[in-house]
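*Asks:* Handing you a structure now.
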Amino acid sequence: MTIPKGLICPICQSKLEKVGNSLKCESSHSYDFAKSGYVNLLNPGKMNNAKAGESKEMIKARTAFFSGGSYAKIREYLIELISDLPKDVIVDAGCGEGYYTEGVAEKYSDSTVIGFDMSKHGTEHGAKSSRAKKIENTFFSVSNIFNMPLENESADIIINLFAPVSYEEFARVLKKGGYLIIGASGAKHLYEMKSVLYETVYLNELNVHKNDAFEMICVKNLTYGTEISGNESIMNLFTMTPYYHHTSDSDKAKLSSLESLYTTVEVDFTILRKR
Ligand SMILES: C[S@@+](CC[C@H](N)C(=O)[O-])C[C@H]1O[C@@H](n2cnc3c(N)ncnc32)[C@H](O)[C@@H]1O
Ligand SMILES: [Zn+2]
């Protein structure tokens, strides 16, 4: 684990320092590290925090799915996309269980890579996994990406994959000239999986990411096909999609008998630079 520079208290916004097994600010607000190595930096006064973020079940499904390698190309593509950018401090905003956070940290061992997510289960998994793999340049914290515990202009890159976007907060935390990389489902992402579930299948709408605080650099598209073997993996993929929450039991049952599924994976990466 690395303690990033520029961490601030979510209550009073003063600097946090590591004291023993906690992070403390000058007003004596204190945040303990869990055994697994993540720390909860949500403002304890905000009542909407407790149940936010992905459930344990969702995080488990993600981890199992990622281990099959079907999204490895997305991770490799992301790593390549940032290869030429300044990257002392990288924030993975909405990091989930830390698959991309960890991949980026492993590749760029001189960077400090911060994983923020509302889900305690996600950040816990990320911290445990980094420790098990002896990846020392990550920091995982339960945090709200709309109110991050970081000083103004403290990050070189913010990665935001399949997660909510907060331009205002991302612009506050990025250094001038820093990069925001937003990854979102492309038009045909998981099209064949949707074709099994639904009679009428629509293409995903184009994601247009624009904001006055940022200069648009480019949109890069990654498209490939992948064969997913075994019903457990297919159901894990389904569980990590938004469709999981919006599909009737009878439609869900159509996937539960499948043993193999070929599907398109398509991600649009929008690269923006803070003005
Ligand atoms: C679809 S998942 C994507 C996770 C990860 N980026 C990935 O691609 O595997 C979206 C994540 O955003 C997190 N999330 C949603 N709203 C958030 C917020 N306001 N602050 C922090 N995390 C949030 C959820 O807990 C969830 O883990
Ligand atoms: Zn404080």
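Going through the structure tokens in order, the chains are called A, B, and so on, while each chain numbers its residues from 1 and the ligands are numbered from 1 in the order shown.
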Report as a list in words all protein, DNA and RNA residues lying within 10 Å of Ala93 (chain A), evaluated on only C-alpha atoms, omitting residues in the same chain fewer than 4 positions from it.

*Replies:*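 So, after excluding close chain neighbours, the residues are Thr101, Ile114, Gly115, Phe116, Asp117, Met118, Ser143, Asn144, Ile145, Phe146, Met148, Ile158, Ile159, Asn160, Leu161, Phe162, Ala163, Pro164, Val165, Ser166, Phe170 and Ile182 of chain A.
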
*Asks:* Identify all residues of region 68-237 of chain A in strand (DSSP E) (DSSP on the backbone) and supply them as a PDB file with C-alpha atoms, in the first residue's frame.

*Replies:*
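As written to disk, states19.pdb reads:
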ATOM      1  CA  VAL A  89      -0.906   9.996  -9.409  1.00  0.00           C
ATOM      2  CA  ILE A  90      -3.704   8.030 -11.070  1.00  0.00           C
ATOM      3  CA  VAL A  91      -7.216   7.849  -9.611  1.00  0.00           C
ATOM      4  CA  ASP A  92      -9.567   5.035 -10.613  1.00  0.00           C
ATOM      5  CA  ALA A  93     -12.886   6.712  -9.784  1.00  0.00           C
ATOM      6  CA  THR A 112       0.552   5.881  -7.116  1.00  0.00           C
ATOM      7  CA  VAL A 113      -2.753   4.337  -8.152  1.00  0.00           C
ATOM      8  CA  ILE A 114      -5.789   5.189  -6.038  1.00  0.00           C
ATOM      9  CA  GLY A 115      -8.999   3.142  -6.185  1.00  0.00           C
ATOM     10  CA  PHE A 116     -12.095   4.955  -4.897  1.00  0.00           C
ATOM     11  CA  ASP A 117     -15.462   3.264  -4.701  1.00  0.00           C
ATOM     12  CA  THR A 138      -2.072   1.055  -4.761  1.00  0.00           C
ATOM     13  CA  PHE A 139      -4.333   2.738  -2.207  1.00  0.00           C
ATOM     14  CA  PHE A 140      -7.983   1.678  -1.867  1.00  0.00           C
ATOM     15  CA  SER A 141     -10.564   3.729  -0.063  1.00  0.00           C
ATOM     16  CA  VAL A 142     -14.333   3.726   0.328  1.00  0.00           C
ATOM     17  CA  ALA A 155      -4.034  13.882  -9.772  1.00  0.00           C
ATOM     18  CA  ASP A 156      -2.452  13.480 -13.203  1.00  0.00           C
ATOM     19  CA  ILE A 157      -5.039  11.035 -14.580  1.00  0.00           C
ATOM     20  CA  ILE A 158      -8.561  10.043 -13.573  1.00  0.00           C
ATOM     21  CA  ILE A 159      -9.846   6.760 -14.981  1.00  0.00           C
ATOM     22  CA  ASN A 160     -13.610   6.307 -14.892  1.00  0.00           C
ATOM     23  CA  LEU A 161     -14.852   2.998 -16.263  1.00  0.00           C
ATOM     24  CA  LEU A 174      -7.056  16.917 -11.718  1.00  0.00           C
ATOM     25  CA  LYS A 175      -3.927  18.989 -12.234  1.00  0.00           C
ATOM     26  CA  LYS A 176      -4.117  21.536 -15.024  1.00  0.00           C
ATOM     27  CA  GLY A 177      -3.459  19.594 -18.213  1.00  0.00           C
ATOM     28  CA  GLY A 178      -4.344  16.317 -16.462  1.00  0.00           C
ATOM     29  CA  TYR A 179      -6.326  13.665 -18.297  1.00  0.00           C
ATOM     30  CA  LEU A 180      -9.762  12.197 -17.732  1.00  0.00           C
ATOM     31  CA  ILE A 181     -10.317   8.814 -19.401  1.00  0.00           C
ATOM     32  CA  ILE A 182     -13.948   7.729 -19.473  1.00  0.00           C
ATOM     33  CA  GLY A 183     -14.723   4.173 -20.583  1.00  0.00           C
ATOM     34  CA  ALA A 184     -18.345   3.350 -21.387  1.00  0.00           C
ATOM     35  CA  SER A 185     -20.294   0.694 -23.289  1.00  0.00           C
ATOM     36  CA  PHE A 214     -12.159  19.916 -20.401  1.00  0.00           C
ATOM     37  CA  GLU A 215     -10.725  19.943 -23.878  1.00  0.00           C
ATOM     38  CA  MET A 216     -11.832  16.960 -25.982  1.00  0.00           C
ATOM     39  CA  ILE A 217      -8.791  15.035 -27.156  1.00  0.00           C
ATOM     40  CA  CYS A 218     -10.340  12.005 -28.867  1.00  0.00           C
ATOM     41  CA  VAL A 219     -12.645   9.012 -28.607  1.00  0.00           C
ATOM     42  CA  LYS A 220     -11.068   5.602 -29.103  1.00  0.00           C
ATOM     43  CA  ASN A 221     -13.109   2.509 -29.793  1.00  0.00           C
ATOM     44  CA  LEU A 222     -12.173  -1.000 -28.754  1.00  0.00           C
ATOM     45  CA  THR A 223     -14.268  -3.809 -30.248  1.00  0.00           C
ATOM     46  CA  TYR A 224     -13.640  -7.537 -30.135  1.00  0.00           C
ATOM     47  CA  GLY A 225     -15.511 -10.810 -29.824  1.00  0.00           C
ATOM     48  CA  THR A 226     -15.189 -13.202 -26.933  1.00  0.00           C
ATOM     49  CA  GLU A 227     -16.410 -16.719 -26.262  1.00  0.00           C
ATOM     50  CA  ILE A 228     -17.639 -17.163 -22.714  1.00  0.00           C
ATOM     51  CA  SER A 229     -17.619 -20.783 -21.606  1.00  0.00           C
TER      52      SER A 229
END

*Asks:* Skip Thr63 (chain A) itself and residues of its chain fewer than 2 positions away, then list as a PyMOL selection string all residues within 12 Å of it, counting only C-alpha atoms.

*Replies:* chain A and resi 56-61+65-71+96-100+121-122+125-126+129+233+236-237+239-240

*Asks:* Write out as JSON, numbers by chain all residues of region 25-165 of chain A that backbone DSSP assigns to alpha helix (DSSP H).

*Replies:* {"A": [56, 57, 58, 59, 60, 61, 62, 63, 64, 65, 66, 67, 72, 73, 74, 75, 76, 77, 78, 79, 80, 81, 99, 100, 101, 102, 103, 104, 105, 106, 107, 120, 121, 122, 123, 124, 125, 126, 127, 128, 129, 130, 131, 132]}

*Asks:* My list of candidates is A:Asn231, A:Arg172, A:Lys107, A:Ala132. Which is closest to Glu76 (chain A) when distances are computed with only C-alpha atoms?

*Replies:*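 Residue with the minimum atom-to-atom distance to Glu76 (chain A): A:Lys107.
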
*Asks:* Can you tell me how far CA of Leu16 (chain A) sits from CA of Arg131 (chain A), in Å to one decimal?

*Replies:*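 Interatomic distance, CA of Leu16 (chain A) to CA of Arg131 (chain A): 22.4 Å.
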
*Asks:* Compute the set of protein, DNA and RNA residues whose minimum atom distance to ligand 2 is at most 8 Å, using only C-alpha atoms and all ligand atoms, and state it as a list in words.

*Replies:*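 Written in the requested form, the residues are Ile8, Cys9, Pro10, Ile11, Cys12, Gln13, Ser14, Lys15, Leu16, Lys24, Cys25, Glu26, Ser27, Ser28, His29 and Ser30 of chain A.
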
*Asks:* Convert the current residue selection to file output with N, CA and C atoms, as an mmCIF file, in the first residue's frame.

*Replies:*
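Saved to selection.cif:
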data_model
loop_
_atom_site.group_PDB
_atom_site.id
_atom_site.type_symbol
_atom_site.label_atom_id
_atom_site.label_comp_id
_atom_site.auth_asym_id
_atom_site.auth_seq_id
_atom_site.Cartn_x
_atom_site.Cartn_y
_atom_site.Cartn_z
ATOM 1 N N ILE A 8 -7.143 14.299 1.908
ATOM 2 C CA ILE A 8 -7.748 15.255 2.857
ATOM 3 C C ILE A 8 -8.921 14.618 3.597
ATOM 4 N N CYS A 9 -9.201 15.206 4.736
ATOM 5 C CA CYS A 9 -10.276 14.707 5.605
ATOM 6 C C CYS A 9 -11.630 14.983 4.938
ATOM 7 N N PRO A 10 -12.494 13.966 4.860
ATOM 8 C CA PRO A 10 -13.798 14.188 4.217
ATOM 9 C C PRO A 10 -14.733 15.080 5.048
ATOM 10 N N ILE A 11 -14.382 15.317 6.328
ATOM 11 C CA ILE A 11 -15.239 16.172 7.167
ATOM 12 C C ILE A 11 -14.767 17.638 7.110
ATOM 13 N N CYS A 12 -13.453 17.865 7.335
ATOM 14 C CA CYS A 12 -13.000 19.262 7.464
ATOM 15 C C CYS A 12 -12.016 19.676 6.360
ATOM 16 N N GLN A 13 -11.715 18.743 5.463
ATOM 17 C CA GLN A 13 -10.847 19.020 4.301
ATOM 18 C C GLN A 13 -9.407 19.382 4.651
ATOM 19 N N SER A 14 -8.987 19.192 5.917
ATOM 20 C CA SER A 14 -7.565 19.423 6.186
ATOM 21 C C SER A 14 -6.777 18.154 5.863
ATOM 22 N N LYS A 15 -5.472 18.305 5.822
ATOM 23 C CA LYS A 15 -4.611 17.187 5.371
ATOM 24 C C LYS A 15 -4.734 15.974 6.278
ATOM 25 N N LEU A 16 -4.649 14.790 5.686
ATOM 26 C CA LEU A 16 -4.620 13.552 6.470
ATOM 27 C C LEU A 16 -3.193 13.030 6.510
ATOM 28 N N LYS A 24 -5.257 10.518 10.193
ATOM 29 C CA LYS A 24 -5.804 11.528 11.103
ATOM 30 C C LYS A 24 -5.569 12.922 10.538
ATOM 31 N N CYS A 25 -6.523 13.836 10.867
ATOM 32 C CA CYS A 25 -6.345 15.237 10.461
ATOM 33 C C CYS A 25 -6.063 16.074 11.700
ATOM 34 N N GLU A 26 -5.780 17.371 11.488
ATOM 35 C CA GLU A 26 -5.410 18.222 12.639
ATOM 36 C C GLU A 26 -6.592 18.455 13.584
ATOM 37 N N SER A 27 -7.811 18.193 13.118
ATOM 38 C CA SER A 27 -8.986 18.355 14.004
ATOM 39 C C SER A 27 -9.354 17.041 14.688
ATOM 40 N N SER A 28 -8.416 16.093 14.662
ATOM 41 C CA SER A 28 -8.589 14.792 15.334
ATOM 42 C C SER A 28 -9.682 13.910 14.740
ATOM 43 N N HIS A 29 -10.071 14.161 13.515
ATOM 44 C CA HIS A 29 -10.922 13.166 12.844
ATOM 45 C C HIS A 29 -10.017 11.999 12.464
ATOM 46 N N SER A 30 -10.511 10.801 12.670
ATOM 47 C CA SER A 30 -9.632 9.639 12.517
ATOM 48 C C SER A 30 -10.319 8.531 11.727
#

*Asks:* Between A:Pro4, A:Gly103, A:Gly45, A:Gly53, which residue has the minimum interatomic distance to ligand 1, considering only C-alpha atoms and all ligand atoms?

*Replies:*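 Comparing A:Pro4, A:Gly103, A:Gly45, A:Gly53 against ligand 1, the winner is A:Gly53.
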
*Asks:* List the neighbours of Ser195 (chain A) out to 12 Å using only C-alpha atoms; skip same-chain residues closer than 4 positions along the sequence, and give me the result as a PyMOL selection string.

*Replies:* chain A and resi 188-191+199-203+251-252+254-255+261-264

*Asks:* So, counting only C-alpha atoms, which residue among A:Thr2, A:Asn43, A:Thr270, A:Thr241 is closest to Arg62 (chain A)?

*Replies:*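 The answer is A:Thr241, which sits nearest to Arg62 (chain A).
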
*Asks:* Pick the closest to ligand 1 from A:Ile79, A:Ala127, A:Leu7, A:Val267: which is it, counting only C-alpha atoms and all ligand atoms?

*Replies:*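 Result for the nearest residue to ligand 1: A:Val267.
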